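One structure below.
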2 protein chains.
Amino acid sequence: MRHVAIVGRWRSSSYGEADQPSSTITAVREKPAKSIGIKQIAAAARISIGTVDRALHNRPGVNPTTRNRVLKIAESLGYKPNLAARNLKLNRHLRIAVHLPRHIASFFDPLRSGIREAAQATHSVTVDLDFRTYPHLGEGDLKLLEDDVGRGYDGILMTPGNPLLVESTIRKFTDHGTAVVCVASDAPRTNRLATVSVDAATSGSIAAELLGRVLHEEGTVATITGDLKTLDHGEKLRGFAAALATMAPHLTLIPAIESHERPKEAYQATLTLLKRKPRPLGIYVNTAISIPVLQALEESGLCGRVQLITTDLFPELVPLIESGKILATLYQRPFTQGKLAFETLYRYLLDGVQPQPVTRLAPHIILRSNLPLFLDRLSDAVEFNDRSGFAPNK
Amino acid sequence: MRHVAIVGRWRSSSYGEADQPSSTITAVREKPAKSIGIKQIAAAARISIGTVDRALHNRPGVNPTTRNRVLKIAESLGYKPNLAARNLKLNRHLRIAVHLPRHIASFFDPLRSGIREAAQATHSVTVDLDFRTYPHLGEGDLKLLEDDVGRGYDGILMTPGNPLLVESTIRKFTDHGTAVVCVASDAPRTNRLATVSVDAATSGSIAAELLGRVLHEEGTVATITGDLKTLDHGEKLRGFAAALATMAPHLTLIPAIESHERPKEAYQATLTLLKRKPRPLGIYVNTAISIPVLQALEESGLCGRVQLITTDLFPELVPLIESGKILATLYQRPFTQGKLAFETLYRYLLDGVQPQPVTRLAPHIILRSNLPLFLDRLSDAVEFNDRSGFAPNK
DNA sequence: ACAATTACCGTGTACGTTCCCGTTAATGCG
DNA sequence: CGCATTAACGGGAACGTACACGGTAATTGT
């Protein structure tokens, strides 16, 4: 596919540049140039707009000589296609299914909001969003997915629970021409178009570095993880262990404790953990189920004495961070993840932009000092503004 | 101004919800409903599209009875205006001037990129971006601004150097109908529409909290600031001092040292600072001019022994973070700031959405462990993709 | 030589809105 | 009653593009 190198619309002027007289700033025009379109090109080339259209889009049936002439003129005139007209003509609507678990709501609700926000910001194309919800990661998701295979969606957004099981389903989607974008977790070695997630290994590394910086004495640290079947949790632990070895050699790691996302298990595990000798100096909880851990700490009277790093942000954590009982929490930015995932899918479907396969964003390190900046995100479950805006002007 | 409550296009279905039979998922339609427009409303109401248009937009010349009827029908049919068609008809182009200093390039270049990216993502409306550049914050910016007052811009993006001086200029712009959005720094108590910036006070607080957590012994910490005339730097110091008092009472603050953004001054100041007794345990550099500070530390052989927190991210800092000579740097996310500032201005100009006056984003805390995730942003000075995308399909 | 094929190009319509102008019917006033 | 005024509405052109279709000239076959 050929492209004309279109000169952008950006003009710039300088002031006080040695090699560029400041008089150049008078060169800016008062009124924007009459926007030039396919018609103006046709007039300049003395041909019809149909030919211009064919030439610009590399469609067959146009003489290579005239095509080049058109491309030249288009470039010299600074032609930029009117996207409103284009989108109006080929009246597209995108149909996108969104498959996400209900729990943990503090994470997936804002993720959904991010998707909605991005979809709403989409001017000029109507987007149909179909939200599908299932109880937990890896519980009933496959069945729900399979139901949508034949429905002719343009794309779907999903969080793969067990990457191995969804592979064939993803293939079915792509075979039907449906683009699949993973969000919040990856399903590598599948046909998925792209993945947007927080870099899990880095989350673990940050936790290790923070603990290493704060804890000066020699000792042990522990991790409490959710379910090791999900790719993310294993990645976090690997990052944690690796960073601990290189950046905090004075701390040794107690083997990971798996809580299987059950509060009871997490609570019991923490209690037995605190009875160990020597008692761990720090704990890294890499799942959102951190409240039972804190409860166990509290009941043991060790709340201030064991440094704690948690994951995600939800209302119950706020007072604990404010009081210093939690050193830091690693915020996985669900809203941003959703927004980015949608934008990736959207640009692929509409502009054909092949996205980079994985987008890894940096988690936010939330401390006591920057906590206030994140509090507004907690209450925006319904922040979506549905006034569709009839009035265009004023 | 009246609005019809438009039902959104989002559908949702559940699985395994107790009070919602899973059979509801079969209710989704295979093909998207024929998108309904002003014409369909007219047909349903047995009137012409002209009247429908008038009714929907509260234009005069329509009987209140029929207007209400139209609004009812529009709502029941789930009418959503086709923005592409709208934007095509009222052929808008936005003209926006962007006034930013050239230095510090590591900050303002990505900020410009963010603006460009957001402007490019704007489908369906052509945006003219005029970049104006002046050497430094507060040097010649006013003159350049005044030149643009009468040019009829729809909006301008700027970084106020000295907030007091730009007040009258901003007023002139708004008097001419030009919306002003500040980015990276604020000009409070002026007519500016909105401000997008990193919360400076929080930056300072984070620095203090980190130092307080890492330094256990009693001692002193120092700050090296740029120019206290710019609002941001003062805010950072206030945040630093406040957080130090509440969260790290074992550390006492040495009065701020002003470097006036000159490397030489920063270098000298650091040298004399290091000769003090007791020697400071930590230093917070709240401006991007941190290299001279590091040089002074290096020459004094104290590089690992004094905890250092810097600001922003540029290539020279990378090895210093990797080697642990810098504890952390507070990244002000220029790209995101630019993108957000543009989006704010855009949504106001186009949709009339009154933005919230200040948007404060959280700075990223860059440590050694999460540094790799930020490295790609360093090389994207020319990441702007200028292929304007002729080919709509495929 | 003429017909058939092909390569190239012009024309027209539609997309959904906005907005101007024209039309109708009702009202006001002398 | 006749005419002007006005409220309420219909009709239609345009915005810039994509694309189907029809047309013309050039090329080929016999």
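Ligands are numbered from 1 in the order shown, chains are lettered A, B, ... in the order of the structure tokens, and residues start at 1 in each chain.
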Pull the closest atom pair for each residue of chain B that gets at most 8 Å from chain C, along with the distance in Å to one decimal, counting only C-alpha atoms (C1' of nucleotides), ordering rows by chain and then ascending residue number, as a Markdown table.
```
| residue | atom | partner | partner_atom | distance |
| --- | --- | --- | --- | --- |
| B:Gly37 | CA | C:DG16 | C1' | 7.0 |
| B:Ile38 | CA | C:DG16 | C1' | 7.5 |
| B:Asn82 | CA | C:DG16 | C1' | 6.5 |
| B:Ala85 | CA | C:DG16 | C1' | 5.1 |
| B:Arg86 | CA | C:DT17 | C1' | 5.0 |
| B:Leu88 | CA | C:DT17 | C1' | 7.9 |
| B:Lys89 | CA | C:DT17 | C1' | 6.0 |
| B:Leu90 | CA | C:DT18 | C1' | 6.9 |
```
Any chance you could export the current selection's N, CA and C atoms as a short mmCIF file (atom, residue, chain, number, x, y, z; two decimals), in the first residue's frame?
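Result saved to part.cif:
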```
data_model
loop_
_atom_site.label_atom_id
_atom_site.label_comp_id
_atom_site.auth_asym_id
_atom_site.auth_seq_id
_atom_site.Cartn_x
_atom_site.Cartn_y
_atom_site.Cartn_z
N GLY B 37 -32.02 7.97 12.62
CA GLY B 37 -31.57 9.37 12.56
C GLY B 37 -32.74 10.30 12.56
N ILE B 38 -32.45 11.51 12.22
CA ILE B 38 -33.45 12.55 12.24
C ILE B 38 -34.60 12.22 11.29
N ASN B 82 -25.70 11.75 14.63
CA ASN B 82 -24.53 11.32 13.88
C ASN B 82 -23.52 12.46 13.83
N ALA B 85 -21.88 13.45 10.44
CA ALA B 85 -22.70 14.30 9.58
C ALA B 85 -22.74 15.73 10.10
N ARG B 86 -22.86 15.84 11.39
CA ARG B 86 -22.91 17.17 11.98
C ARG B 86 -21.63 17.94 11.70
N LEU B 88 -19.54 17.41 9.46
CA LEU B 88 -19.37 17.68 8.02
C LEU B 88 -20.13 18.94 7.65
N LYS B 89 -21.36 18.99 8.10
CA LYS B 89 -22.19 20.13 7.71
C LYS B 89 -21.61 21.45 8.21
N LEU B 90 -21.50 21.55 9.51
CA LEU B 90 -20.93 22.80 10.01
C LEU B 90 -19.43 22.62 10.04
#
```
* To do: Could the residues of chain D within 12 Å of chain A, counting only C-alpha atoms (C1' of nucleotides), be given as a list of chain:residue names, please?
  =>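 Close enough to count are D:DC15, D:DG16, D:DT17, D:DA18, D:DC19, D:DA20.
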Save out the residues we just selected, N, CA and C atoms (P, O5', C5', C4', C3', O3' and C1' of nucleotides), as a CSV table (one decimal), in the first residue's frame.
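Final output, out_33.csv:
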```
chain,number,residue,atom,x,y,z
D,15,DC,P,-20.8,23.3,-0.7
D,15,DC,O5',-20.2,22.5,0.5
D,15,DC,C5',-20.3,23.1,1.8
D,15,DC,C4',-20.1,22.0,2.8
D,15,DC,C3',-19.1,21.0,2.4
D,15,DC,O3',-17.8,21.3,2.8
D,15,DC,C1',-20.9,20.0,3.5
D,16,DG,P,-16.6,21.4,1.7
D,16,DG,O5',-16.1,19.9,1.7
D,16,DG,C5',-15.5,19.4,2.8
D,16,DG,C4',-15.4,17.9,2.6
D,16,DG,C3',-14.6,17.4,1.5
D,16,DG,O3',-13.6,16.5,1.9
D,16,DG,C1',-16.7,16.4,1.4
D,17,DT,P,-12.6,15.7,0.8
D,17,DT,O5',-13.3,14.3,0.8
D,17,DT,C5',-13.4,13.6,2.0
D,17,DT,C4',-14.4,12.4,1.8
D,17,DT,C3',-13.9,11.3,0.8
D,17,DT,O3',-13.6,10.2,1.6
D,17,DT,C1',-16.2,11.9,0.5
D,18,DA,P,-12.8,9.0,0.9
D,18,DA,O5',-14.0,8.0,0.4
D,18,DA,C5',-14.8,7.3,1.3
D,18,DA,C4',-15.8,6.5,0.6
D,18,DA,C3',-15.3,5.4,-0.3
D,18,DA,O3',-16.0,4.2,-0.1
D,18,DA,C1',-16.9,6.8,-1.4
D,19,DC,P,-15.4,2.9,-0.8
D,19,DC,O5',-16.5,2.6,-1.9
D,19,DC,C5',-17.8,2.8,-1.7
D,19,DC,C4',-18.6,2.9,-3.0
D,19,DC,C3',-18.0,2.0,-4.1
D,19,DC,O3',-19.1,1.3,-4.7
D,19,DC,C1',-18.4,4.2,-4.9
D,20,DA,P,-18.8,-0.1,-5.4
D,20,DA,O5',-20.1,-0.4,-6.2
D,20,DA,C5',-21.4,0.2,-5.7
D,20,DA,C4',-22.1,0.9,-6.9
D,20,DA,C3',-22.1,0.1,-8.2
D,20,DA,O3',-23.4,0.1,-8.8
D,20,DA,C1',-21.3,2.3,-8.5
```
* Asked: Using the chain letters and numbers from this document, which residues of segment 105-348 of chain A does DSSP assign to strand (DSSP E or B), as a ChimeraX atom specification?
  -> /A:126-134,155-158,179-183,194-198,219-225,251-253,257-258,282-285,307-311,328-331
Let's have the selection written as a PDB file, in the first residue's frame, with C-alpha atoms.
```pdb
ATOM      1  CA  THR A 126     -21.226   4.928  16.473  1.00  0.00           C
ATOM      2  CA  VAL A 127     -19.949   2.220  18.707  1.00  0.00           C
ATOM      3  CA  ASP A 128     -22.096  -0.531  20.103  1.00  0.00           C
ATOM      4  CA  LEU A 129     -20.755  -1.868  23.348  1.00  0.00           C
ATOM      5  CA  ASP A 130     -22.084  -5.143  24.701  1.00  0.00           C
ATOM      6  CA  PHE A 131     -20.986  -5.854  28.241  1.00  0.00           C
ATOM      7  CA  ARG A 132     -20.896  -9.460  29.374  1.00  0.00           C
ATOM      8  CA  THR A 133     -20.275 -10.210  32.999  1.00  0.00           C
ATOM      9  CA  TYR A 134     -19.412 -13.409  34.812  1.00  0.00           C
ATOM     10  CA  GLY A 155     -13.941  -6.898  18.151  1.00  0.00           C
ATOM     11  CA  ILE A 156     -13.996  -8.079  21.700  1.00  0.00           C
ATOM     12  CA  LEU A 157     -12.246  -6.998  24.856  1.00  0.00           C
ATOM     13  CA  MET A 158     -11.576  -9.637  27.464  1.00  0.00           C
ATOM     14  CA  ALA A 179     -10.333  -8.881  16.622  1.00  0.00           C
ATOM     15  CA  VAL A 180      -9.502  -9.839  20.176  1.00  0.00           C
ATOM     16  CA  VAL A 181      -7.745  -7.515  22.584  1.00  0.00           C
ATOM     17  CA  CYS A 182      -6.781  -8.705  26.045  1.00  0.00           C
ATOM     18  CA  VAL A 183      -6.841  -6.332  28.939  1.00  0.00           C
ATOM     19  CA  ALA A 194      -2.903  -6.983  21.378  1.00  0.00           C
ATOM     20  CA  THR A 195      -2.723  -6.822  25.129  1.00  0.00           C
ATOM     21  CA  VAL A 196      -2.943  -3.896  27.494  1.00  0.00           C
ATOM     22  CA  SER A 197      -1.922  -4.487  31.050  1.00  0.00           C
ATOM     23  CA  VAL A 198       0.190  -3.301  33.873  1.00  0.00           C
ATOM     24  CA  GLY A 219      15.719 -10.512  57.767  1.00  0.00           C
ATOM     25  CA  THR A 220      12.981 -12.176  55.808  1.00  0.00           C
ATOM     26  CA  VAL A 221      10.073 -10.975  53.727  1.00  0.00           C
ATOM     27  CA  ALA A 222       6.998 -12.863  52.580  1.00  0.00           C
ATOM     28  CA  THR A 223       4.517 -12.718  49.761  1.00  0.00           C
ATOM     29  CA  ILE A 224       0.857 -13.556  49.728  1.00  0.00           C
ATOM     30  CA  THR A 225      -0.488 -14.248  46.314  1.00  0.00           C
ATOM     31  CA  LEU A 251      16.399  -9.742  52.713  1.00  0.00           C
ATOM     32  CA  THR A 252      15.572 -13.379  52.111  1.00  0.00           C
ATOM     33  CA  LEU A 253      12.309 -14.523  50.645  1.00  0.00           C
ATOM     34  CA  ILE A 257       1.733 -18.393  50.123  1.00  0.00           C
ATOM     35  CA  GLU A 258      -1.218 -18.990  47.867  1.00  0.00           C
ATOM     36  CA  GLY A 282       7.754  -7.131  55.356  1.00  0.00           C
ATOM     37  CA  ILE A 283       4.888  -8.619  53.376  1.00  0.00           C
ATOM     38  CA  TYR A 284       3.923  -8.102  49.780  1.00  0.00           C
ATOM     39  CA  VAL A 285       0.302  -8.865  49.003  1.00  0.00           C
ATOM     40  CA  GLN A 307       6.021  -3.260  56.468  1.00  0.00           C
ATOM     41  CA  LEU A 308       3.175  -3.972  54.127  1.00  0.00           C
ATOM     42  CA  ILE A 309       2.816  -3.454  50.406  1.00  0.00           C
ATOM     43  CA  THR A 310      -0.558  -4.131  48.852  1.00  0.00           C
ATOM     44  CA  THR A 311      -2.160  -4.128  45.438  1.00  0.00           C
ATOM     45  CA  ALA A 328       2.490   1.553  49.752  1.00  0.00           C
ATOM     46  CA  THR A 329      -0.082   0.085  47.420  1.00  0.00           C
ATOM     47  CA  LEU A 330       0.549  -0.621  43.781  1.00  0.00           C
ATOM     48  CA  TYR A 331      -2.292   0.783  41.787  1.00  0.00           C
TER      49      TYR A 331
END
```
* **Backbone DSSP call of alpha helix (DSSP H) for segment 200-344 of chain A, listed as a ChimeraX atom specification** => /A:200-214,231-247,263-275,291-299,317-322,334-344
C-alpha atoms of the current selection, written as a tab-separated table (two decimals), in the first residue's frame:
```tsv
chain	number	residue	atom	x	y	z
A	200	ALA	CA	3.21	-7.41	36.52
A	201	ALA	CA	6.88	-8.21	36.93
A	202	THR	CA	7.59	-4.55	37.52
A	203	SER	CA	4.91	-4.44	40.19
A	204	GLY	CA	6.78	-7.14	42.01
A	205	SER	CA	10.10	-5.40	41.49
A	206	ILE	CA	8.80	-2.16	42.90
A	207	ALA	CA	7.55	-3.93	46.00
A	208	ALA	CA	10.93	-5.52	46.49
A	209	GLU	CA	12.84	-2.30	45.94
A	210	LEU	CA	10.65	-0.37	48.35
A	211	LEU	CA	11.00	-3.00	51.04
A	212	GLY	CA	14.72	-3.16	50.44
A	213	ARG	CA	15.05	0.59	50.80
A	214	VAL	CA	12.94	0.87	53.90
A	231	LEU	CA	-0.36	-15.31	34.59
A	232	ASP	CA	-0.12	-12.02	36.43
A	233	HIS	CA	0.41	-13.33	39.91
A	234	GLY	CA	3.27	-15.54	38.91
A	235	GLU	CA	4.88	-12.66	37.06
A	236	LYS	CA	4.63	-10.47	40.10
A	237	LEU	CA	6.33	-13.05	42.25
A	238	ARG	CA	9.11	-13.55	39.74
A	239	GLY	CA	9.69	-9.80	39.59
A	240	PHE	CA	9.65	-9.59	43.34
A	241	ALA	CA	12.16	-12.39	43.80
A	242	ALA	CA	14.48	-11.12	41.10
A	243	ALA	CA	14.54	-7.57	42.39
A	244	LEU	CA	14.99	-8.75	45.94
A	245	ALA	CA	18.06	-10.74	44.94
A	246	THR	CA	19.74	-7.87	43.12
A	247	MET	CA	18.60	-4.83	45.04
A	263	PRO	CA	-10.30	-14.28	52.40
A	264	LYS	CA	-10.32	-17.12	54.93
A	265	GLU	CA	-7.22	-18.72	53.48
A	266	ALA	CA	-5.43	-15.42	53.34
A	267	TYR	CA	-6.28	-14.73	56.95
A	268	GLN	CA	-5.09	-18.11	58.21
A	269	ALA	CA	-1.98	-18.00	56.10
A	270	THR	CA	-1.02	-14.64	57.54
A	271	LEU	CA	-1.52	-15.82	61.09
A	272	THR	CA	0.77	-18.81	60.67
A	273	LEU	CA	3.20	-16.62	58.78
A	274	LEU	CA	3.48	-14.23	61.70
A	275	LYS	CA	4.28	-17.07	64.06
A	291	ILE	CA	-8.00	-6.95	54.01
A	292	PRO	CA	-7.78	-10.36	55.73
A	293	VAL	CA	-4.01	-9.97	55.86
A	294	LEU	CA	-4.42	-6.66	57.58
A	295	GLN	CA	-6.92	-8.09	59.97
A	296	ALA	CA	-4.47	-10.81	60.97
A	297	LEU	CA	-1.75	-8.23	61.43
A	298	GLU	CA	-3.99	-6.07	63.52
A	299	GLU	CA	-5.02	-8.90	65.81
A	317	LEU	CA	-7.43	0.68	52.14
A	318	VAL	CA	-7.60	4.43	52.43
A	319	PRO	CA	-7.50	4.83	56.23
A	320	LEU	CA	-4.80	2.17	56.43
A	321	ILE	CA	-2.57	4.08	54.07
A	322	GLU	CA	-3.31	7.35	55.78
A	334	PRO	CA	-7.88	-0.03	35.73
A	335	PHE	CA	-9.52	3.02	34.22
A	336	THR	CA	-6.51	3.78	32.08
A	337	GLN	CA	-6.18	0.15	31.09
A	338	GLY	CA	-9.74	0.05	29.85
A	339	LYS	CA	-9.38	3.29	27.99
A	340	LEU	CA	-6.18	2.23	26.33
A	341	ALA	CA	-7.49	-1.20	25.41
A	342	PHE	CA	-10.48	0.30	23.69
A	343	GLU	CA	-8.42	2.86	21.87
A	344	THR	CA	-6.09	0.17	20.63
```
* **Pick from B:Leu373, B:Ala42, B:Leu137, B:Ile254 nearest to chain A, counting only C-alpha atoms** =>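 Once distances to chain A are computed over only C-alpha atoms, the minimum belongs to B:Leu373.
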* Which residue, B:Pro64, B:Gly177, B:Pro355, B:Gly152, has the smallest gap to chain A when you use only C-alpha atoms? -> B:Gly152
